>>> print(open('upload23.pdb').read())   # PDB, C-alpha atoms
MODEL        1
ATOM      1  CA  MET P 739      69.071  29.846 192.664  1.00  0.00           C
ATOM      2  CA  PHE P 740      66.152  31.402 194.577  1.00  0.00           C
ATOM      3  CA  ARG P 741      66.853  29.110 197.541  1.00  0.00           C
ATOM      4  CA  ARG P 742      70.494  30.218 197.582  1.00  0.00           C
ATOM      5  CA  TRP P 743      69.452  33.875 197.346  1.00  0.00           C
ATOM      6  CA  ALA P 744      66.882  33.500 200.156  1.00  0.00           C
ATOM      7  CA  SER P 745      69.535  31.889 202.344  1.00  0.00           C
ATOM      8  CA  VAL P 746      72.181  34.534 201.721  1.00  0.00           C
ATOM      9  CA  VAL P 747      69.739  37.366 202.513  1.00  0.00           C
ATOM     10  CA  ARG P 748      68.590  35.408 205.580  1.00  0.00           C
ATOM     11  CA  ARG P 749      64.989  35.133 204.400  1.00  0.00           C
ATOM     12  CA  GLU P 750      64.581  31.370 204.222  1.00  0.00           C
ATOM     13  CA  ASP P 751      60.912  31.932 205.105  1.00  0.00           C
ATOM     14  CA  LEU P 752      60.401  33.065 201.511  1.00  0.00           C
ATOM     15  CA  ILE P 753      61.347  29.630 200.157  1.00  0.00           C
ATOM     16  CA  ASN P 754      57.953  28.237 201.187  1.00  0.00           C
ATOM     17  CA  ASP P 755      56.028  31.490 200.825  1.00  0.00           C
ATOM     18  CA  PRO P 756      53.259  31.059 198.189  1.00  0.00           C
ATOM     19  CA  ARG P 757      54.177  34.480 196.755  1.00  0.00           C
ATOM     20  CA  CYS P 758      57.586  33.044 195.877  1.00  0.00           C
ATOM     21  CA  ARG P 759      56.525  29.582 194.699  1.00  0.00           C
ATOM     22  CA  ASP P 760      58.062  29.879 191.212  1.00  0.00           C
ATOM     23  CA  ASP P 761      59.547  32.384 188.794  1.00  0.00           C
ATOM     24  CA  LEU P 762      56.150  33.702 187.741  1.00  0.00           C
ATOM     25  CA  THR P 763      54.827  34.272 191.247  1.00  0.00           C
ATOM     26  CA  ARG P 764      58.111  35.875 192.281  1.00  0.00           C
ATOM     27  CA  ALA P 765      57.879  38.182 189.245  1.00  0.00           C
ATOM     28  CA  ASN P 766      54.301  39.049 190.195  1.00  0.00           C
ATOM     29  CA  ASN P 767      55.546  39.868 193.702  1.00  0.00           C
ATOM     30  CA  HIS P 768      58.698  41.672 192.665  1.00  0.00           C
ATOM     31  CA  GLU P 769      58.012  44.465 195.159  1.00  0.00           C
ATOM     32  CA  LEU P 770      58.540  41.962 198.000  1.00  0.00           C
ATOM     33  CA  ILE P 771      61.785  40.658 196.491  1.00  0.00           C
ATOM     34  CA  THR P 772      62.993  44.212 195.836  1.00  0.00           C
ATOM     35  CA  GLU P 773      62.198  45.311 199.385  1.00  0.00           C
ATOM     36  CA  VAL P 774      64.081  42.351 200.858  1.00  0.00           C
ATOM     37  CA  MET P 775      67.062  42.904 198.564  1.00  0.00           C
ATOM     38  CA  ASN P 776      67.178  46.657 199.188  1.00  0.00           C
ATOM     39  CA  SER P 777      67.029  46.151 202.950  1.00  0.00           C
ATOM     40  CA  TRP P 778      69.796  43.530 202.822  1.00  0.00           C
ATOM     41  CA  CYS P 779      72.009  45.645 200.558  1.00  0.00           C
ATOM     42  CA  ALA P 780      71.529  48.760 202.708  1.00  0.00           C
ATOM     43  CA  GLN P 781      73.405  47.014 205.516  1.00  0.00           C
ATOM     44  CA  ARG P 782      76.463  46.241 203.376  1.00  0.00           C
ATOM     45  CA  THR P 783      78.926  47.879 201.092  1.00  0.00           C
ATOM     46  CA  ARG P 784      78.592  47.022 197.444  1.00  0.00           C
ATOM     47  CA  GLU P 785      81.717  44.879 197.681  1.00  0.00           C
ATOM     48  CA  GLN P 786      80.381  42.963 200.696  1.00  0.00           C
ATOM     49  CA  ALA P 787      77.058  42.291 198.978  1.00  0.00           C
ATOM     50  CA  ILE P 788      78.731  41.062 195.790  1.00  0.00           C
ATOM     51  CA  ALA P 789      81.124  38.843 197.721  1.00  0.00           C
ATOM     52  CA  ALA P 790      78.284  37.228 199.693  1.00  0.00           C
ATOM     53  CA  LEU P 791      76.144  36.682 196.588  1.00  0.00           C
ATOM     54  CA  GLU P 792      79.056  35.281 194.601  1.00  0.00           C
ATOM     55  CA  GLU P 793      79.932  32.907 197.432  1.00  0.00           C
ATOM     56  CA  ALA P 794      76.329  31.647 197.345  1.00  0.00           C
ATOM     57  CA  ARG P 795      76.617  31.317 193.546  1.00  0.00           C
ATOM     58  CA  VAL P 796      73.931  33.942 192.902  1.00  0.00           C
ATOM     59  CA  PRO P 797      74.717  35.865 189.701  1.00  0.00           C
ATOM     60  CA  CYS P 798      75.281  39.515 190.460  1.00  0.00           C
ATOM     61  CA  GLY P 799      77.312  42.548 189.559  1.00  0.00           C
ATOM     62  CA  PRO P 800      77.853  46.112 190.635  1.00  0.00           C
ATOM     63  CA  VAL P 801      75.599  49.009 189.731  1.00  0.00           C
ATOM     64  CA  TYR P 802      77.952  51.773 188.671  1.00  0.00           C
ATOM     65  CA  ASP P 803      77.643  55.507 188.564  1.00  0.00           C
ATOM     66  CA  LEU P 804      78.801  57.144 185.330  1.00  0.00           C
ATOM     67  CA  ASP P 805      82.412  57.725 186.423  1.00  0.00           C
ATOM     68  CA  GLU P 806      82.753  54.078 187.441  1.00  0.00           C
ATOM     69  CA  VAL P 807      81.372  52.878 184.107  1.00  0.00           C
ATOM     70  CA  LEU P 808      83.909  54.958 182.224  1.00  0.00           C
ATOM     71  CA  LYS P 809      86.778  53.545 184.333  1.00  0.00           C
ATOM     72  CA  ASP P 810      85.698  49.886 184.408  1.00  0.00           C
ATOM     73  CA  PRO P 811      88.469  47.649 182.985  1.00  0.00           C
ATOM     74  CA  GLN P 812      86.009  45.387 181.155  1.00  0.00           C
ATOM     75  CA  VAL P 813      84.202  48.345 179.589  1.00  0.00           C
ATOM     76  CA  ARG P 814      87.567  49.713 178.446  1.00  0.00           C
ATOM     77  CA  ALA P 815      88.864  46.361 177.168  1.00  0.00           C
ATOM     78  CA  ARG P 816      85.721  45.808 175.095  1.00  0.00           C
ATOM     79  CA  LYS P 817      85.775  49.436 173.898  1.00  0.00           C
ATOM     80  CA  MET P 818      82.167  49.874 175.002  1.00  0.00           C
ATOM     81  CA  ILE P 819      82.492  53.641 175.317  1.00  0.00           C
ATOM     82  CA  GLY P 820      83.776  55.798 172.501  1.00  0.00           C
ATOM     83  CA  LYS P 821      84.206  59.536 172.251  1.00  0.00           C
ATOM     84  CA  MET P 822      82.672  61.719 169.573  1.00  0.00           C
ATOM     85  CA  GLU P 823      82.258  65.334 168.652  1.00  0.00           C
ATOM     86  CA  PHE P 824      78.911  66.583 169.844  1.00  0.00           C
ATOM     87  CA  SER P 825      77.067  69.713 168.795  1.00  0.00           C
ATOM     88  CA  GLY P 826      77.379  72.373 171.474  1.00  0.00           C
ATOM     89  CA  SER P 827      80.238  70.688 173.336  1.00  0.00           C
ATOM     90  CA  ALA P 828      83.752  72.094 173.329  1.00  0.00           C
ATOM     91  CA  LYS P 829      85.259  68.643 173.727  1.00  0.00           C
ATOM     92  CA  ARG P 830      84.510  65.107 172.654  1.00  0.00           C
ATOM     93  CA  VAL P 831      81.883  63.380 174.781  1.00  0.00           C
ATOM     94  CA  PRO P 832      81.591  59.723 175.827  1.00  0.00           C
ATOM     95  CA  ILE P 833      79.117  57.736 173.746  1.00  0.00           C
ATOM     96  CA  ALA P 834      78.002  54.145 174.398  1.00  0.00           C
ATOM     97  CA  GLY P 835      79.053  51.795 171.650  1.00  0.00           C
ATOM     98  CA  THR P 836      77.222  48.696 170.587  1.00  0.00           C
ATOM     99  CA  PRO P 837      77.334  45.890 173.160  1.00  0.00           C
ATOM    100  CA  LEU P 838      77.775  43.230 170.464  1.00  0.00           C
ATOM    101  CA  GLN P 839      81.279  42.766 169.151  1.00  0.00           C
ATOM    102  CA  LEU P 840      81.226  40.463 166.124  1.00  0.00           C
ATOM    103  CA  SER P 841      84.430  39.456 164.342  1.00  0.00           C
ATOM    104  CA  ALA P 842      82.901  39.052 160.873  1.00  0.00           C
ATOM    105  CA  THR P 843      80.817  42.222 161.048  1.00  0.00           C
ATOM    106  CA  PRO P 844      82.523  44.590 163.484  1.00  0.00           C
ATOM    107  CA  SER P 845      80.614  47.610 164.665  1.00  0.00           C
ATOM    108  CA  ALA P 846      81.861  51.130 165.100  1.00  0.00           C
ATOM    109  CA  LEU P 847      80.586  54.493 166.229  1.00  0.00           C
ATOM    110  CA  ARG P 848      79.892  56.231 162.945  1.00  0.00           C
ATOM    111  CA  ARG P 849      78.155  59.415 164.002  1.00  0.00           C
ATOM    112  CA  ASN P 850      76.697  61.067 167.024  1.00  0.00           C
ATOM    113  CA  ALA P 851      73.024  61.454 167.833  1.00  0.00           C
ATOM    114  CA  PRO P 852      71.442  64.278 165.841  1.00  0.00           C
ATOM    115  CA  ALA P 853      70.601  67.598 167.396  1.00  0.00           C
ATOM    116  CA  LEU P 854      66.915  68.461 167.603  1.00  0.00           C
ATOM    117  CA  GLY P 855      65.687  69.117 164.060  1.00  0.00           C
ATOM    118  CA  GLU P 856      69.079  68.430 162.481  1.00  0.00           C
ATOM    119  CA  HIS P 857      67.643  66.094 159.825  1.00  0.00           C
ATOM    120  CA  THR P 858      64.172  67.574 159.495  1.00  0.00           C
ATOM    121  CA  ALA P 859      64.704  68.999 156.002  1.00  0.00           C
ATOM    122  CA  GLU P 860      66.328  65.769 154.831  1.00  0.00           C
ATOM    123  CA  VAL P 861      63.466  63.617 156.124  1.00  0.00           C
ATOM    124  CA  LEU P 862      60.809  65.922 154.677  1.00  0.00           C
ATOM    125  CA  SER P 863      62.627  65.952 151.339  1.00  0.00           C
ATOM    126  CA  GLU P 864      62.559  62.148 151.302  1.00  0.00           C
ATOM    127  CA  LEU P 865      58.799  62.429 151.836  1.00  0.00           C
ATOM    128  CA  ASP P 866      58.630  64.541 148.638  1.00  0.00           C
ATOM    129  CA  PHE P 867      58.181  67.941 150.255  1.00  0.00           C
ATOM    130  CA  SER P 868      59.844  70.671 148.206  1.00  0.00           C
ATOM    131  CA  PRO P 869      62.401  73.075 149.662  1.00  0.00           C
ATOM    132  CA  LYS P 870      59.760  75.804 149.311  1.00  0.00           C
ATOM    133  CA  GLU P 871      57.215  73.779 151.316  1.00  0.00           C
ATOM    134  CA  ILE P 872      59.795  72.979 154.000  1.00  0.00           C
ATOM    135  CA  GLU P 873      60.649  76.675 154.309  1.00  0.00           C
ATOM    136  CA  SER P 874      56.946  77.509 154.659  1.00  0.00           C
ATOM    137  CA  PHE P 875      56.730  74.959 157.509  1.00  0.00           C
ATOM    138  CA  ARG P 876      59.588  76.792 159.219  1.00  0.00           C
ATOM    139  CA  ARG P 877      57.961  80.210 158.755  1.00  0.00           C
ATOM    140  CA  VAL P 878      54.814  79.086 160.565  1.00  0.00           C
ATOM    141  CA  SER P 879      56.841  77.216 163.240  1.00  0.00           C
ATOM    142  CA  ALA P 880      55.426  73.855 162.218  1.00  0.00           C
ATOM    143  CA  ILE P 881      58.980  72.538 162.301  1.00  0.00           C
TER     144      ILE P 881
ENDMDL
END
>>> encode(input="upload23.pdb", output="structure tokens")
Amino acid sequence: MFRRWASVVRREDLINDPRCRDDLTRANNHELITEVMNSWCAQRTREQAIAALEEARVPCGPVYDLDEVLKDPQVRARKMIGKMEFSGSAKRVPIAGTPLQLSATPSALRRNAPALGEHTAEVLSELDFSPKEIESFRRVSAI
């Protein structure tokens, strides 16, 4: 795959470069690979880059901004983004669902992320602090 990538980005010289000898050396020299890829991509649209990489059979995919993620047909079909009530928001907000969709044990968005300190009293209670102790922590701004 590296040979195909080097050819498509027109850097065949890297094929025999000792810094790119194998997966480990390429990983150790990732700055070089990143620089080459960034330079190559900067001269193309995202669609052009993906088309060229796909034609060379180099696995790739788009990097989306948030709006594009929310509109992506695959993301929608797999129900990867749900909407939930969120403290402080007037409307439901998009929340990432679990990426694994299992038929025998389906996942679901059950609750939103807690607000800062939302479960502090509950956690401290489970650690055997009394309501009086928890209140004293609040009075001295320890929590």
>>> atom_distance(input="upload23.pdb", atom1="CA of Ile881 (chain P)", atom2="CA of Ala859 (chain P)")
9.2 Å
>>> resolve_selection(input="upload23.pdb", expression="the PyMOL selection byres ((chain P and resi 832-840) around 10)", output="PyMOL selection string")
chain P and resi 808+813+816-824+829-831+841-851
>>> closest_residue(input="upload23.pdb", among="P:Phe740, P:Val801, P:Leu862, P:Asp751", to="Ala765 (chain P)", atoms="all atoms listed in the file")
P:Phe740
>>> atom_distance(input="upload23.pdb", atom1="CA of Val796 (chain P)", atom2="CA of Ala815 (chain P)")
25.0 Å
>>> atom_distance(input="upload23.pdb", atom1="CA of Tyr802 (chain P)", atom2="CA of Asn776 (chain P)")
15.9 Å
>>> closest_residue(input="upload23.pdb", among="P:Glu773, P:Trp743, P:Arg748, P:Glu864", to="Leu791 (chain P)", atoms="only C-alpha atoms")
P:Trp743
>>> closest_residue(input="upload23.pdb", among="P:Pro800, P:Asn754, P:Gly855, P:Ile771", to="Arg784 (chain P)", atoms="all atoms listed in the file")
P:Pro800
>>> closest_residue(input="upload23.pdb", among="P:Ser825, P:Asp755, P:Glu785, P:Lys870", to="Glu856 (chain P)", atoms="all atoms listed in the file")
P:Ser825
>>> closest_residue(input="upload23.pdb", among="P:Met775, P:Val746, P:Arg877, P:Pro756", to="Ala789 (chain P)", atoms="only C-alpha atoms")
P:Val746
>>> decode(input="upload23.pdb", residues="region 777-812 of chain P", atoms="N, CA, C and O atoms", output="PDB file, in the first residue's frame")
ATOM      1  N   SER P 777       1.092  18.570   1.717  1.00  0.00           N
ATOM      2  CA  SER P 777       1.481  19.323   0.521  1.00  0.00           C
ATOM      3  C   SER P 777       0.682  18.840  -0.697  1.00  0.00           C
ATOM      4  O   SER P 777       0.179  19.637  -1.487  1.00  0.00           O
ATOM      5  N   TRP P 778       0.568  17.525  -0.836  1.00  0.00           N
ATOM      6  CA  TRP P 778      -0.176  16.943  -1.957  1.00  0.00           C
ATOM      7  C   TRP P 778      -1.651  17.323  -1.877  1.00  0.00           C
ATOM      8  O   TRP P 778      -2.256  17.731  -2.872  1.00  0.00           O
ATOM      9  N   CYS P 779      -2.235  17.204  -0.702  1.00  0.00           N
ATOM     10  CA  CYS P 779      -3.659  17.518  -0.531  1.00  0.00           C
ATOM     11  C   CYS P 779      -3.951  19.005  -0.753  1.00  0.00           C
ATOM     12  O   CYS P 779      -5.022  19.356  -1.252  1.00  0.00           O
ATOM     13  N   ALA P 780      -3.007  19.859  -0.392  1.00  0.00           N
ATOM     14  CA  ALA P 780      -3.220  21.308  -0.522  1.00  0.00           C
ATOM     15  C   ALA P 780      -3.422  21.729  -1.971  1.00  0.00           C
ATOM     16  O   ALA P 780      -3.994  22.778  -2.244  1.00  0.00           O
ATOM     17  N   GLN P 781      -2.986  20.907  -2.904  1.00  0.00           N
ATOM     18  CA  GLN P 781      -3.095  21.224  -4.320  1.00  0.00           C
ATOM     19  C   GLN P 781      -4.362  20.654  -4.960  1.00  0.00           C
ATOM     20  O   GLN P 781      -4.529  20.741  -6.178  1.00  0.00           O
ATOM     21  N   ARG P 782      -5.220  20.045  -4.149  1.00  0.00           N
ATOM     22  CA  ARG P 782      -6.408  19.372  -4.672  1.00  0.00           C
ATOM     23  C   ARG P 782      -7.612  19.668  -3.799  1.00  0.00           C
ATOM     24  O   ARG P 782      -7.464  19.973  -2.624  1.00  0.00           O
ATOM     25  N   THR P 783      -8.768  19.497  -4.395  1.00  0.00           N
ATOM     26  CA  THR P 783      -9.975  19.522  -3.567  1.00  0.00           C
ATOM     27  C   THR P 783     -10.045  18.195  -2.816  1.00  0.00           C
ATOM     28  O   THR P 783      -9.362  17.225  -3.182  1.00  0.00           O
ATOM     29  N   ARG P 784     -10.844  18.145  -1.823  1.00  0.00           N
ATOM     30  CA  ARG P 784     -11.025  16.905  -1.076  1.00  0.00           C
ATOM     31  C   ARG P 784     -11.492  15.795  -2.003  1.00  0.00           C
ATOM     32  O   ARG P 784     -11.004  14.667  -1.933  1.00  0.00           O
ATOM     33  N   GLU P 785     -12.425  16.114  -2.886  1.00  0.00           N
ATOM     34  CA  GLU P 785     -12.966  15.115  -3.804  1.00  0.00           C
ATOM     35  C   GLU P 785     -11.894  14.598  -4.767  1.00  0.00           C
ATOM     36  O   GLU P 785     -11.841  13.411  -5.063  1.00  0.00           O
ATOM     37  N   GLN P 786     -11.048  15.500  -5.255  1.00  0.00           N
ATOM     38  CA  GLN P 786      -9.963  15.078  -6.154  1.00  0.00           C
ATOM     39  C   GLN P 786      -8.976  14.162  -5.438  1.00  0.00           C
ATOM     40  O   GLN P 786      -8.536  13.154  -5.990  1.00  0.00           O
ATOM     41  N   ALA P 787      -8.627  14.513  -4.213  1.00  0.00           N
ATOM     42  CA  ALA P 787      -7.679  13.699  -3.446  1.00  0.00           C
ATOM     43  C   ALA P 787      -8.259  12.315  -3.184  1.00  0.00           C
ATOM     44  O   ALA P 787      -7.579  11.301  -3.390  1.00  0.00           O
ATOM     45  N   ILE P 788      -9.503  12.247  -2.776  1.00  0.00           N
ATOM     46  CA  ILE P 788     -10.134  10.951  -2.501  1.00  0.00           C
ATOM     47  C   ILE P 788     -10.210  10.118  -3.773  1.00  0.00           C
ATOM     48  O   ILE P 788      -9.900   8.922  -3.759  1.00  0.00           O
ATOM     49  N   ALA P 789     -10.589  10.731  -4.864  1.00  0.00           N
ATOM     50  CA  ALA P 789     -10.694   9.994  -6.127  1.00  0.00           C
ATOM     51  C   ALA P 789      -9.339   9.403  -6.528  1.00  0.00           C
ATOM     52  O   ALA P 789      -9.252   8.239  -6.928  1.00  0.00           O
ATOM     53  N   ALA P 790      -8.280  10.196  -6.419  1.00  0.00           N
ATOM     54  CA  ALA P 790      -6.947   9.712  -6.795  1.00  0.00           C
ATOM     55  C   ALA P 790      -6.488   8.585  -5.867  1.00  0.00           C
ATOM     56  O   ALA P 790      -5.944   7.576  -6.319  1.00  0.00           O
ATOM     57  N   LEU P 791      -6.707   8.730  -4.587  1.00  0.00           N
ATOM     58  CA  LEU P 791      -6.311   7.691  -3.629  1.00  0.00           C
ATOM     59  C   LEU P 791      -7.124   6.419  -3.831  1.00  0.00           C
ATOM     60  O   LEU P 791      -6.580   5.313  -3.808  1.00  0.00           O
ATOM     61  N   GLU P 792      -8.416   6.570  -4.058  1.00  0.00           N
ATOM     62  CA  GLU P 792      -9.252   5.386  -4.288  1.00  0.00           C
ATOM     63  C   GLU P 792      -8.834   4.659  -5.564  1.00  0.00           C
ATOM     64  O   GLU P 792      -8.791   3.436  -5.606  1.00  0.00           O
ATOM     65  N   GLU P 793      -8.518   5.416  -6.602  1.00  0.00           N
ATOM     66  CA  GLU P 793      -8.082   4.804  -7.852  1.00  0.00           C
ATOM     67  C   GLU P 793      -6.793   3.997  -7.648  1.00  0.00           C
ATOM     68  O   GLU P 793      -6.604   2.949  -8.253  1.00  0.00           O
ATOM     69  N   ALA P 794      -5.929   4.479  -6.759  1.00  0.00           N
ATOM     70  CA  ALA P 794      -4.681   3.777  -6.454  1.00  0.00           C
ATOM     71  C   ALA P 794      -4.889   2.690  -5.384  1.00  0.00           C
ATOM     72  O   ALA P 794      -3.928   2.073  -4.956  1.00  0.00           O
ATOM     73  N   ARG P 795      -6.121   2.504  -4.977  1.00  0.00           N
ATOM     74  CA  ARG P 795      -6.480   1.516  -3.948  1.00  0.00           C
ATOM     75  C   ARG P 795      -5.788   1.793  -2.612  1.00  0.00           C
ATOM     76  O   ARG P 795      -5.324   0.897  -1.922  1.00  0.00           O
ATOM     77  N   VAL P 796      -5.747   3.077  -2.244  1.00  0.00           N
ATOM     78  CA  VAL P 796      -5.229   3.495  -0.942  1.00  0.00           C
ATOM     79  C   VAL P 796      -6.447   3.865  -0.099  1.00  0.00           C
ATOM     80  O   VAL P 796      -7.191   4.777  -0.457  1.00  0.00           O
ATOM     81  N   PRO P 797      -6.680   3.150   1.001  1.00  0.00           N
ATOM     82  CA  PRO P 797      -7.846   3.456   1.834  1.00  0.00           C
ATOM     83  C   PRO P 797      -7.822   4.913   2.282  1.00  0.00           C
ATOM     84  O   PRO P 797      -6.782   5.442   2.689  1.00  0.00           O
ATOM     85  N   CYS P 798      -8.964   5.546   2.183  1.00  0.00           N
ATOM     86  CA  CYS P 798      -9.056   6.954   2.556  1.00  0.00           C
ATOM     87  C   CYS P 798     -10.511   7.322   2.801  1.00  0.00           C
ATOM     88  O   CYS P 798     -11.412   6.524   2.550  1.00  0.00           O
ATOM     89  N   GLY P 799     -10.717   8.510   3.272  1.00  0.00           N
ATOM     90  CA  GLY P 799     -12.059   9.024   3.468  1.00  0.00           C
ATOM     91  C   GLY P 799     -11.981  10.496   3.787  1.00  0.00           C
ATOM     92  O   GLY P 799     -10.911  11.009   4.129  1.00  0.00           O
ATOM     93  N   PRO P 800     -13.093  11.171   3.693  1.00  0.00           N
ATOM     94  CA  PRO P 800     -13.086  12.614   3.931  1.00  0.00           C
ATOM     95  C   PRO P 800     -12.947  12.942   5.412  1.00  0.00           C
ATOM     96  O   PRO P 800     -13.332  12.157   6.274  1.00  0.00           O
ATOM     97  N   VAL P 801     -12.382  14.110   5.675  1.00  0.00           N
ATOM     98  CA  VAL P 801     -12.396  14.679   7.021  1.00  0.00           C
ATOM     99  C   VAL P 801     -13.477  15.752   6.980  1.00  0.00           C
ATOM    100  O   VAL P 801     -13.393  16.698   6.203  1.00  0.00           O
ATOM    101  N   TYR P 802     -14.501  15.548   7.781  1.00  0.00           N
ATOM    102  CA  TYR P 802     -15.665  16.428   7.767  1.00  0.00           C
ATOM    103  C   TYR P 802     -15.581  17.512   8.832  1.00  0.00           C
ATOM    104  O   TYR P 802     -14.988  17.313   9.883  1.00  0.00           O
ATOM    105  N   ASP P 803     -16.258  18.626   8.544  1.00  0.00           N
ATOM    106  CA  ASP P 803     -16.530  19.571   9.617  1.00  0.00           C
ATOM    107  C   ASP P 803     -17.850  19.119  10.252  1.00  0.00           C
ATOM    108  O   ASP P 803     -18.503  18.188   9.765  1.00  0.00           O
ATOM    109  N   LEU P 804     -18.243  19.732  11.339  1.00  0.00           N
ATOM    110  CA  LEU P 804     -19.396  19.261  12.101  1.00  0.00           C
ATOM    111  C   LEU P 804     -20.673  19.203  11.261  1.00  0.00           C
ATOM    112  O   LEU P 804     -21.406  18.209  11.308  1.00  0.00           O
ATOM    113  N   ASP P 805     -20.947  20.237  10.481  1.00  0.00           N
ATOM    114  CA  ASP P 805     -22.169  20.230   9.664  1.00  0.00           C
ATOM    115  C   ASP P 805     -22.184  19.060   8.685  1.00  0.00           C
ATOM    116  O   ASP P 805     -23.218  18.444   8.459  1.00  0.00           O
ATOM    117  N   GLU P 806     -21.034  18.744   8.110  1.00  0.00           N
ATOM    118  CA  GLU P 806     -20.961  17.633   7.165  1.00  0.00           C
ATOM    119  C   GLU P 806     -21.183  16.295   7.858  1.00  0.00           C
ATOM    120  O   GLU P 806     -21.822  15.398   7.311  1.00  0.00           O
ATOM    121  N   VAL P 807     -20.660  16.151   9.064  1.00  0.00           N
ATOM    122  CA  VAL P 807     -20.883  14.915   9.822  1.00  0.00           C
ATOM    123  C   VAL P 807     -22.372  14.708  10.043  1.00  0.00           C
ATOM    124  O   VAL P 807     -22.911  13.623   9.822  1.00  0.00           O
ATOM    125  N   LEU P 808     -23.045  15.754  10.464  1.00  0.00           N
ATOM    126  CA  LEU P 808     -24.467  15.648  10.783  1.00  0.00           C
ATOM    127  C   LEU P 808     -25.316  15.336   9.554  1.00  0.00           C
ATOM    128  O   LEU P 808     -26.391  14.754   9.678  1.00  0.00           O
ATOM    129  N   LYS P 809     -24.835  15.687   8.363  1.00  0.00           N
ATOM    130  CA  LYS P 809     -25.590  15.459   7.125  1.00  0.00           C
ATOM    131  C   LYS P 809     -25.171  14.200   6.373  1.00  0.00           C
ATOM    132  O   LYS P 809     -25.825  13.816   5.413  1.00  0.00           O
ATOM    133  N   ASP P 810     -24.099  13.549   6.784  1.00  0.00           N
ATOM    134  CA  ASP P 810     -23.575  12.400   6.055  1.00  0.00           C
ATOM    135  C   ASP P 810     -24.608  11.274   6.008  1.00  0.00           C
ATOM    136  O   ASP P 810     -25.151  10.876   7.040  1.00  0.00           O
ATOM    137  N   PRO P 811     -24.892  10.737   4.813  1.00  0.00           N
ATOM    138  CA  PRO P 811     -25.908   9.678   4.694  1.00  0.00           C
ATOM    139  C   PRO P 811     -25.581   8.424   5.509  1.00  0.00           C
ATOM    140  O   PRO P 811     -26.485   7.810   6.077  1.00  0.00           O
ATOM    141  N   GLN P 812     -24.320   8.054   5.577  1.00  0.00           N
ATOM    142  CA  GLN P 812     -23.947   6.860   6.348  1.00  0.00           C
ATOM    143  C   GLN P 812     -24.137   7.095   7.845  1.00  0.00           C
ATOM    144  O   GLN P 812     -24.618   6.221   8.567  1.00  0.00           O
TER     145      GLN P 812
END
